[in-house]
Amino acid sequence: MNWLIAVLQTMLFVALAPLLAGWVKYCKCRLQNRKAPSLLQPYRDLIKLTHKQPVVSEQASWLFIKAPYIIFSATVLAATVVPLIAVDLPTSASADVIVMVGFFAFARFFLALAGLDVGTAFGGMGSSREMTISSLAEPAMLIAIFTLTMTASTTNLSFAITYLLNDGLVLRPSFVFALAALVLVAVAETGRIPVDNPATHLELTMIHEAMILEYSGRHLALIEWASQLKLMLYGVLIANIFFPWGIAETFNLQALGYGLLAIVGKLAVLAIFLALVETLFAKMRLFRVQEYLSFAYLLGLLGLLSHIILEAAR
Amino acid sequence: MNIEQLDFYTQAILSMAALIGLTSFLMLGQGRLLRLIFLFALQGFLLTLTTALAAYSLNNHHLYISAVLTLVLKVIFIPWMLRRQVLQMNMHRDIEALKNNTVVMLGGASLMIFSYYVLHPIVQSSSVVMLNALVVSLSVMLLGMLLMISHRQAISHVVGFMSIENGLFFAAIVATNGMPMVVELGVAFDVLVAAVLFGIFFLHIRTSIDSLDVDLLNKLHEVDK
């Protein structure tokens with residue numbers, strides 16, 4: 001039974017990810033006074049791409065063809081770790097948050113290799129930039145997560161969220177910092193506006209798009225889907241760690257329904273904030289990303305320090 | 001006692017303490033003078049909120065007066081005066097190139113750890129809950145000094161000096177539940193006088209070396225080095 005819910009939750013993750021991307025796009029269009037595409041447009045795009053024949057360069061090795069499948073499955077595995085509508089599931093109990101970061105790193109490694117594989121200038125440039133950014137973003141993310149794990153004394157997301165739920169409403173100074181750091185890292189890691197622009201193919205500014213420029217057909221569909229999934233994963237992570245109320249702790253239909261409603265509501269609100277940020281800010285220069293991410297790291301570090309200094313038991 | 005068992009006001013004060021620490025860090029990395037002054041005003045505002053919260057939760061009425069004093073002096077008057085001077089001297093477009101920004105930031109973090117290390121025995125031996133925030137106030141003072149060391153503009157030095165005073169004021173609130181009113185009024189007027197004096201100093205520095213960059217004060221050496 002528990003395994004069934006775990007599998008269902010992961011499928012829900014995979015199924016809802018394009019919807020979230022569509023909602024972000026919808027909010028962004030409305031904020032910029034444009035006519036928005038339908039919320040289902042990402043699904044249509046994915047279906048269209050799967051029906052197209054993939055074109056693969058002659059120079060491409062086996063890695064180029066296998067990489068989309070590896071990236072997609074690694075991201076799905078990362079999704080199994082994160083509690084979406086219920087805590088205390090067998091999958092999230094068997095792996096902790098460091099495993100999740102590991103899955104992300106694994107997927108990114110193959111994405112960067114695939115970008116390099118064909119030997120185009122853009123692919124190499126994109127891979128190089130992606131690795132630069134992620135090498136700065138990953139420590140910041142881990143240190144923000146460690147603030148949570150120090151409070152809950154566990155690196156397991158499911159147990160940590162249960163711990164926070166049992167505590168009720170507590171204003172923790174360290175969580176303010178961890179939230180800010182995690183939001184900054186999430187924006188950088190999912191390639192949203194101040195760091196990377198997901199809507200452009202303007203060659204000088206691309207990071208993520210540059211790596212996947214050579215992909216087409218179902219390979220492209222898988223990679224797009226994986227990056228939508230990643231956006232949703234970060235959203236769920238922020239929503240469920242810092243605002244865990246509503247998530248199901250027991251496995252009856254009512255609790256699960258409320259859990260689903262709660263997470264959909266939280267993600268919808270988060271997406272509006274993301275769209276607002278993407279509308280208000282301009283993309284920054286690549287060489288300023290380092291300052292941005294070291295600020296995220298500083299916030300994470302301050303979170304850890306304020307946990308030790310201000311919240312310590314006496 | 002864990003933070004879960006504290007009442008909401010103490011939790012809020014501790015969170016404010018953390019945010020005050022954050023503004024100190026932000027000031028450390030800020031090269032634009034107007035933003036630096038804005039951050040200083042923000043720190044003063046957070047301090048006002050903390051004082052008001054402490055006044056409410058401790059039921060200590062004269063803290064309200066010091067909250068109002070902080071609001072008037074450190075959020076409105078001094079930032080307004082500094083801002084006017086920056087605009088008058090036409091320095092608001094300059095960006096001060098900060099040397100070794102990352103090193104300074106890491107130094108700031110280690111200062112925070114250092115103040116924790118120094119104050120740990122005191123905090124441990126006391127039962128006052130808010131005393132945890134004493135570490136933050138000491139690190140705000142040390143960060144103010146670091147700000148004065150790492151920046152070169154005279155106005156940044158004044159902001160650093162004022163934020164040291166913010167740290168002291170904060171320490172007084174969390175450690176003693178507010179100093180006697182006479183002392184607080186005295187300190188407030190001292191700050192006011194200091195702010196006015198600094199204004200006069202700016203004028204003199206500017207007329208003698210035609211800039212507010214204190215590194216250029218070396219020009220005043222009688223013997224060339």
# chains A, B, ... in the order shown; residues from 1 in each chain; ligands from 1
$ closest_atom_pairs --of "chain B" --to "chain A" --cutoff "7 Å" --atoms "only C-alpha atoms" --output "tab-separated table"
residue	atom	partner	partner_atom	distance
B:Met1	CA	A:Ala313	CA	5.1
B:Asn2	CA	A:Ala313	CA	4.7
B:Ile3	CA	A:Glu311	CA	5.4
B:Glu4	CA	A:Val170	CA	6.1
B:Gln11	CA	A:Leu171	CA	5.7
B:Ala12	CA	A:Leu171	CA	6.6
B:Leu14	CA	A:Pro173	CA	6.5
B:Ser15	CA	A:Pro173	CA	4.2
B:Ala18	CA	A:Pro173	CA	6.0
B:Tyr116	CA	A:Ile309	CA	6.8
B:Gln124	CA	A:Arg314	CA	6.7
B:Asn132	CA	A:Leu310	CA	5.2
B:Ala133	CA	A:Leu310	CA	6.3
$ write_last_selection --atoms "C-alpha atoms" --output "PDB file, in the first residue's frame"
ATOM      1  CA  MET B   1      15.660  26.139  26.696  1.00  0.00           C
ATOM      2  CA  ASN B   2      14.954  25.455  23.034  1.00  0.00           C
ATOM      3  CA  ILE B   3      13.510  28.027  20.723  1.00  0.00           C
ATOM      4  CA  GLU B   4      10.298  26.002  20.405  1.00  0.00           C
ATOM      5  CA  GLN B  11      11.270  34.365  18.804  1.00  0.00           C
ATOM      6  CA  ALA B  12      10.505  37.525  16.853  1.00  0.00           C
ATOM      7  CA  LEU B  14      15.750  36.692  17.954  1.00  0.00           C
ATOM      8  CA  SER B  15      14.751  36.725  14.278  1.00  0.00           C
ATOM      9  CA  ALA B  18      19.523  37.718  12.911  1.00  0.00           C
ATOM     10  CA  TYR B 116      30.224  33.543  19.711  1.00  0.00           C
ATOM     11  CA  GLN B 124      25.769  29.876  29.140  1.00  0.00           C
ATOM     12  CA  ASN B 132      21.650  34.799  22.843  1.00  0.00           C
ATOM     13  CA  ALA B 133      21.311  37.942  20.774  1.00  0.00           C
TER      14      ALA B 133
END
$ residues_around --residues "segment 94-97 of chain B" --least-positions-apart "6" --cutoff "12 Å" --atoms "only C-alpha atoms" --output "PyMOL selection string"
chain B and resi 28-36+86-87+150-156+211-213
$ write_last_selection --atoms "all heavy atoms" --output "short mmCIF file (atom, residue, chain, number, x, y, z; two decimals), in the first residue's frame"
data_model
loop_
_atom_site.label_atom_id
_atom_site.label_comp_id
_atom_site.auth_asym_id
_atom_site.auth_seq_id
_atom_site.Cartn_x
_atom_site.Cartn_y
_atom_site.Cartn_z
N LEU B 28 28.73 45.59 4.60
CA LEU B 28 30.13 45.28 4.39
C LEU B 28 30.45 45.12 2.90
O LEU B 28 31.52 45.49 2.44
CB LEU B 28 30.45 43.97 5.13
CG LEU B 28 31.85 43.73 5.61
CD1 LEU B 28 32.29 44.89 6.44
CD2 LEU B 28 31.90 42.45 6.39
N GLY B 29 29.48 44.57 2.15
CA GLY B 29 29.75 44.30 0.74
C GLY B 29 29.22 45.37 -0.19
O GLY B 29 29.18 45.16 -1.39
N GLN B 30 28.78 46.51 0.33
CA GLN B 30 28.11 47.49 -0.52
C GLN B 30 29.07 48.62 -0.90
O GLN B 30 29.63 49.29 -0.04
CB GLN B 30 26.90 48.06 0.23
CG GLN B 30 26.00 48.91 -0.59
CD GLN B 30 25.56 48.21 -1.86
OE1 GLN B 30 26.13 48.44 -2.91
NE2 GLN B 30 24.58 47.35 -1.76
N GLY B 31 29.25 48.81 -2.20
CA GLY B 31 30.17 49.84 -2.65
C GLY B 31 29.51 51.16 -2.97
O GLY B 31 30.17 52.18 -3.08
N ARG B 32 28.19 51.17 -3.15
CA ARG B 32 27.50 52.42 -3.48
C ARG B 32 27.09 53.12 -2.20
O ARG B 32 26.49 52.51 -1.32
CB ARG B 32 26.25 52.12 -4.30
CG ARG B 32 26.55 51.78 -5.72
CD ARG B 32 25.25 51.37 -6.38
NE ARG B 32 25.50 50.74 -7.66
CZ ARG B 32 25.52 51.40 -8.80
NH1 ARG B 32 25.31 52.68 -8.81
NH2 ARG B 32 25.75 50.77 -9.92
N LEU B 33 27.39 54.41 -2.13
CA LEU B 33 27.17 55.12 -0.88
C LEU B 33 25.69 55.24 -0.52
O LEU B 33 25.30 55.04 0.62
CB LEU B 33 27.79 56.51 -0.96
CG LEU B 33 29.30 56.50 -0.85
CD1 LEU B 33 29.86 57.89 -1.04
CD2 LEU B 33 29.72 55.96 0.49
N LEU B 34 24.85 55.54 -1.53
CA LEU B 34 23.43 55.74 -1.21
C LEU B 34 22.80 54.44 -0.70
O LEU B 34 22.01 54.45 0.23
CB LEU B 34 22.68 56.23 -2.44
CG LEU B 34 22.92 57.70 -2.77
CD1 LEU B 34 22.02 58.13 -3.91
CD2 LEU B 34 22.66 58.58 -1.57
N ARG B 35 23.20 53.31 -1.31
CA ARG B 35 22.66 52.03 -0.84
C ARG B 35 23.19 51.71 0.55
O ARG B 35 22.48 51.14 1.38
CB ARG B 35 23.03 50.91 -1.79
CG ARG B 35 22.22 50.95 -3.04
CD ARG B 35 22.40 49.69 -3.82
NE ARG B 35 22.04 49.92 -5.20
CZ ARG B 35 22.37 49.13 -6.19
NH1 ARG B 35 23.11 48.06 -5.95
NH2 ARG B 35 22.00 49.39 -7.40
N LEU B 36 24.43 52.08 0.79
CA LEU B 36 25.01 51.86 2.11
C LEU B 36 24.20 52.61 3.16
O LEU B 36 23.87 52.07 4.23
CB LEU B 36 26.46 52.33 2.10
CG LEU B 36 27.29 52.03 3.33
CD1 LEU B 36 27.51 50.55 3.44
CD2 LEU B 36 28.62 52.73 3.25
N VAL B 86 26.02 63.34 0.50
CA VAL B 86 26.48 62.58 -0.68
C VAL B 86 25.99 63.26 -1.95
O VAL B 86 26.74 63.42 -2.91
CB VAL B 86 25.97 61.12 -0.60
CG1 VAL B 86 26.21 60.41 -1.92
CG2 VAL B 86 26.67 60.39 0.50
N LEU B 87 24.73 63.69 -1.93
CA LEU B 87 24.18 64.32 -3.13
C LEU B 87 24.85 65.66 -3.40
O LEU B 87 25.16 66.00 -4.55
CB LEU B 87 22.66 64.51 -2.99
CG LEU B 87 21.84 63.23 -3.01
CD1 LEU B 87 20.37 63.52 -2.80
CD2 LEU B 87 22.03 62.48 -4.32
N SER B 150 37.71 48.31 5.85
CA SER B 150 37.77 47.87 4.46
C SER B 150 37.31 48.93 3.48
O SER B 150 37.66 48.86 2.31
CB SER B 150 36.93 46.60 4.29
OG SER B 150 35.58 46.86 4.59
N HIS B 151 36.51 49.90 3.92
CA HIS B 151 36.08 50.94 2.98
C HIS B 151 37.01 52.14 3.07
O HIS B 151 37.65 52.36 4.09
CB HIS B 151 34.65 51.38 3.30
CG HIS B 151 33.63 50.36 2.90
ND1 HIS B 151 32.50 50.65 2.21
CD2 HIS B 151 33.60 49.03 3.07
CE1 HIS B 151 31.81 49.56 2.00
NE2 HIS B 151 32.45 48.56 2.51
N ARG B 152 37.02 52.92 2.00
CA ARG B 152 37.95 54.05 1.99
C ARG B 152 37.27 55.41 2.04
O ARG B 152 37.89 56.40 2.33
CB ARG B 152 38.83 53.96 0.75
CG ARG B 152 39.96 52.95 0.91
CD ARG B 152 40.67 52.81 -0.39
NE ARG B 152 39.71 52.45 -1.42
CZ ARG B 152 39.83 52.78 -2.69
NH1 ARG B 152 40.85 53.47 -3.09
NH2 ARG B 152 38.93 52.40 -3.57
N GLN B 153 35.98 55.45 1.73
CA GLN B 153 35.30 56.73 1.75
C GLN B 153 34.99 57.15 3.18
O GLN B 153 34.60 56.32 4.00
CB GLN B 153 33.98 56.63 0.98
CG GLN B 153 34.14 56.39 -0.49
CD GLN B 153 34.58 57.62 -1.23
OE1 GLN B 153 34.62 58.70 -0.66
NE2 GLN B 153 34.94 57.46 -2.48
N ALA B 154 35.12 58.42 3.45
CA ALA B 154 34.88 58.90 4.81
C ALA B 154 33.44 58.66 5.23
O ALA B 154 33.16 58.38 6.40
CB ALA B 154 35.23 60.38 4.90
N ILE B 155 32.52 58.75 4.27
CA ILE B 155 31.11 58.55 4.62
C ILE B 155 30.85 57.11 5.05
O ILE B 155 30.12 56.86 6.01
CB ILE B 155 30.22 58.96 3.43
CG1 ILE B 155 30.35 60.46 3.25
CG2 ILE B 155 28.79 58.56 3.66
CD1 ILE B 155 29.35 61.08 2.38
N SER B 156 31.52 56.15 4.38
CA SER B 156 31.38 54.76 4.81
C SER B 156 31.90 54.59 6.22
O SER B 156 31.35 53.81 7.00
CB SER B 156 32.14 53.82 3.89
OG SER B 156 32.10 54.24 2.58
N SER B 211 38.66 65.40 -1.90
CA SER B 211 38.02 64.10 -2.06
C SER B 211 37.67 63.61 -0.67
O SER B 211 38.15 64.16 0.32
CB SER B 211 38.96 63.12 -2.75
OG SER B 211 38.54 61.81 -2.48
N LEU B 212 36.83 62.58 -0.58
CA LEU B 212 36.56 62.02 0.74
C LEU B 212 37.23 60.66 0.90
O LEU B 212 36.96 59.93 1.82
CB LEU B 212 35.06 61.89 0.97
CG LEU B 212 34.35 63.18 1.39
CD1 LEU B 212 32.91 62.90 1.68
CD2 LEU B 212 35.01 63.77 2.61
N ASP B 213 38.10 60.33 -0.07
CA ASP B 213 38.81 59.05 0.01
C ASP B 213 39.93 59.19 1.04
O ASP B 213 40.86 59.98 0.86
CB ASP B 213 39.39 58.74 -1.38
CG ASP B 213 39.93 57.34 -1.42
OD1 ASP B 213 40.29 56.83 -0.35
OD2 ASP B 213 39.99 56.76 -2.52
#
$ residues_around --residues "Leu71 of chain B" --least-positions-apart "6" --cutoff "10 Å" --atoms "only C-alpha atoms" --output "PDB file with N, CA, C and O atoms, in the first residue's frame"
ATOM      1  N   ALA B  41      19.930  52.790   7.364  1.00  0.00           N
ATOM      2  CA  ALA B  41      18.595  53.181   7.839  1.00  0.00           C
ATOM      3  C   ALA B  41      17.757  51.944   8.113  1.00  0.00           C
ATOM      4  O   ALA B  41      16.994  51.889   9.090  1.00  0.00           O
ATOM      5  N   GLY B  44      18.687  50.537  11.360  1.00  0.00           N
ATOM      6  CA  GLY B  44      18.073  51.338  12.410  1.00  0.00           C
ATOM      7  C   GLY B  44      16.601  51.009  12.571  1.00  0.00           C
ATOM      8  O   GLY B  44      16.087  50.917  13.693  1.00  0.00           O
ATOM      9  N   PHE B  45      15.931  50.772  11.442  1.00  0.00           N
ATOM     10  CA  PHE B  45      14.508  50.449  11.503  1.00  0.00           C
ATOM     11  C   PHE B  45      14.275  49.113  12.199  1.00  0.00           C
ATOM     12  O   PHE B  45      13.381  48.982  13.042  1.00  0.00           O
ATOM     13  N   LEU B  46      15.112  48.115  11.854  1.00  0.00           N
ATOM     14  CA  LEU B  46      14.996  46.812  12.517  1.00  0.00           C
ATOM     15  C   LEU B  46      15.244  46.957  14.012  1.00  0.00           C
ATOM     16  O   LEU B  46      14.576  46.322  14.834  1.00  0.00           O
ATOM     17  N   LEU B  47      16.198  47.820  14.341  1.00  0.00           N
ATOM     18  CA  LEU B  47      16.515  48.062  15.751  1.00  0.00           C
ATOM     19  C   LEU B  47      15.314  48.684  16.450  1.00  0.00           C
ATOM     20  O   LEU B  47      14.986  48.324  17.597  1.00  0.00           O
ATOM     21  N   THR B  48      14.650  49.614  15.760  1.00  0.00           N
ATOM     22  CA  THR B  48      13.450  50.231  16.330  1.00  0.00           C
ATOM     23  C   THR B  48      12.392  49.177  16.614  1.00  0.00           C
ATOM     24  O   THR B  48      11.789  49.148  17.689  1.00  0.00           O
ATOM     25  N   LEU B  49      12.173  48.313  15.608  1.00  0.00           N
ATOM     26  CA  LEU B  49      11.171  47.259  15.776  1.00  0.00           C
ATOM     27  C   LEU B  49      11.518  46.368  16.957  1.00  0.00           C
ATOM     28  O   LEU B  49      10.659  46.031  17.775  1.00  0.00           O
ATOM     29  N   ILE B  65      10.205  55.006  24.403  1.00  0.00           N
ATOM     30  CA  ILE B  65      10.815  56.311  24.116  1.00  0.00           C
ATOM     31  C   ILE B  65      12.121  56.118  23.360  1.00  0.00           C
ATOM     32  O   ILE B  65      12.392  56.804  22.365  1.00  0.00           O
ATOM     33  N   PHE B  77      16.858  61.001  10.633  1.00  0.00           N
ATOM     34  CA  PHE B  77      17.705  62.188  10.590  1.00  0.00           C
ATOM     35  C   PHE B  77      19.108  61.903  10.022  1.00  0.00           C
ATOM     36  O   PHE B  77      19.508  62.528   9.037  1.00  0.00           O
TER      37      PHE B  77
END
$ residues_around --residues "Trp245 of chain A" --least-positions-apart "5" --cutoff "8 Å" --atoms "only C-alpha atoms" --output "short mmCIF file (atom, residue, chain, number, x, y, z; two decimals) with C-alpha atoms, in the first residue's frame"
data_model
loop_
_atom_site.label_atom_id
_atom_site.label_comp_id
_atom_site.auth_asym_id
_atom_site.auth_seq_id
_atom_site.Cartn_x
_atom_site.Cartn_y
_atom_site.Cartn_z
CA LEU A 165 4.95 19.76 11.59
CA ASN A 240 7.23 21.67 1.95
CA ALA A 262 -2.25 22.14 -0.29
#
$ residues_around --residues "Leu131 of chain B" --least-positions-apart "3" --cutoff "9 Å" --atoms "only C-alpha atoms" --output "ChimeraX atom specification"
/A:310 /B:122-123,126-128,134-135,171,174-175
$ residues_around --residues "Gly160 of chain B" --least-positions-apart "6" --cutoff "6 Å" --atoms "only C-alpha atoms" --output "list in words"
Gly144, Leu147 and Met148 of chain B
$ select_by_dssp --residues "segment 31-215 of chain B" --states "helix (DSSP H, G or I)" --output "ChimeraX atom specification"
/B:33-58,62-88,101-125,129-150,154-176,181-209,214-215
$ residues_around --residues "Gly124 of chain A" --least-positions-apart "2" --cutoff "10 Å" --atoms "only C-alpha atoms" --output "list of chain:residue names"
A:Ala112, A:Leu113, A:Ala114, A:Gly115, A:Leu116, A:Asp117, A:Val118, A:Gly119, A:Thr120, A:Ala121, A:Phe122, A:Gly126, A:Ser127, A:Ser128, A:Arg129, A:Glu130, A:Ala210, A:Met211
$ atom_distance --atom1 "atom CA of Tyr64 of chain B" --atom2 "atom CA of Leu39 of chain B"
22.8 Å
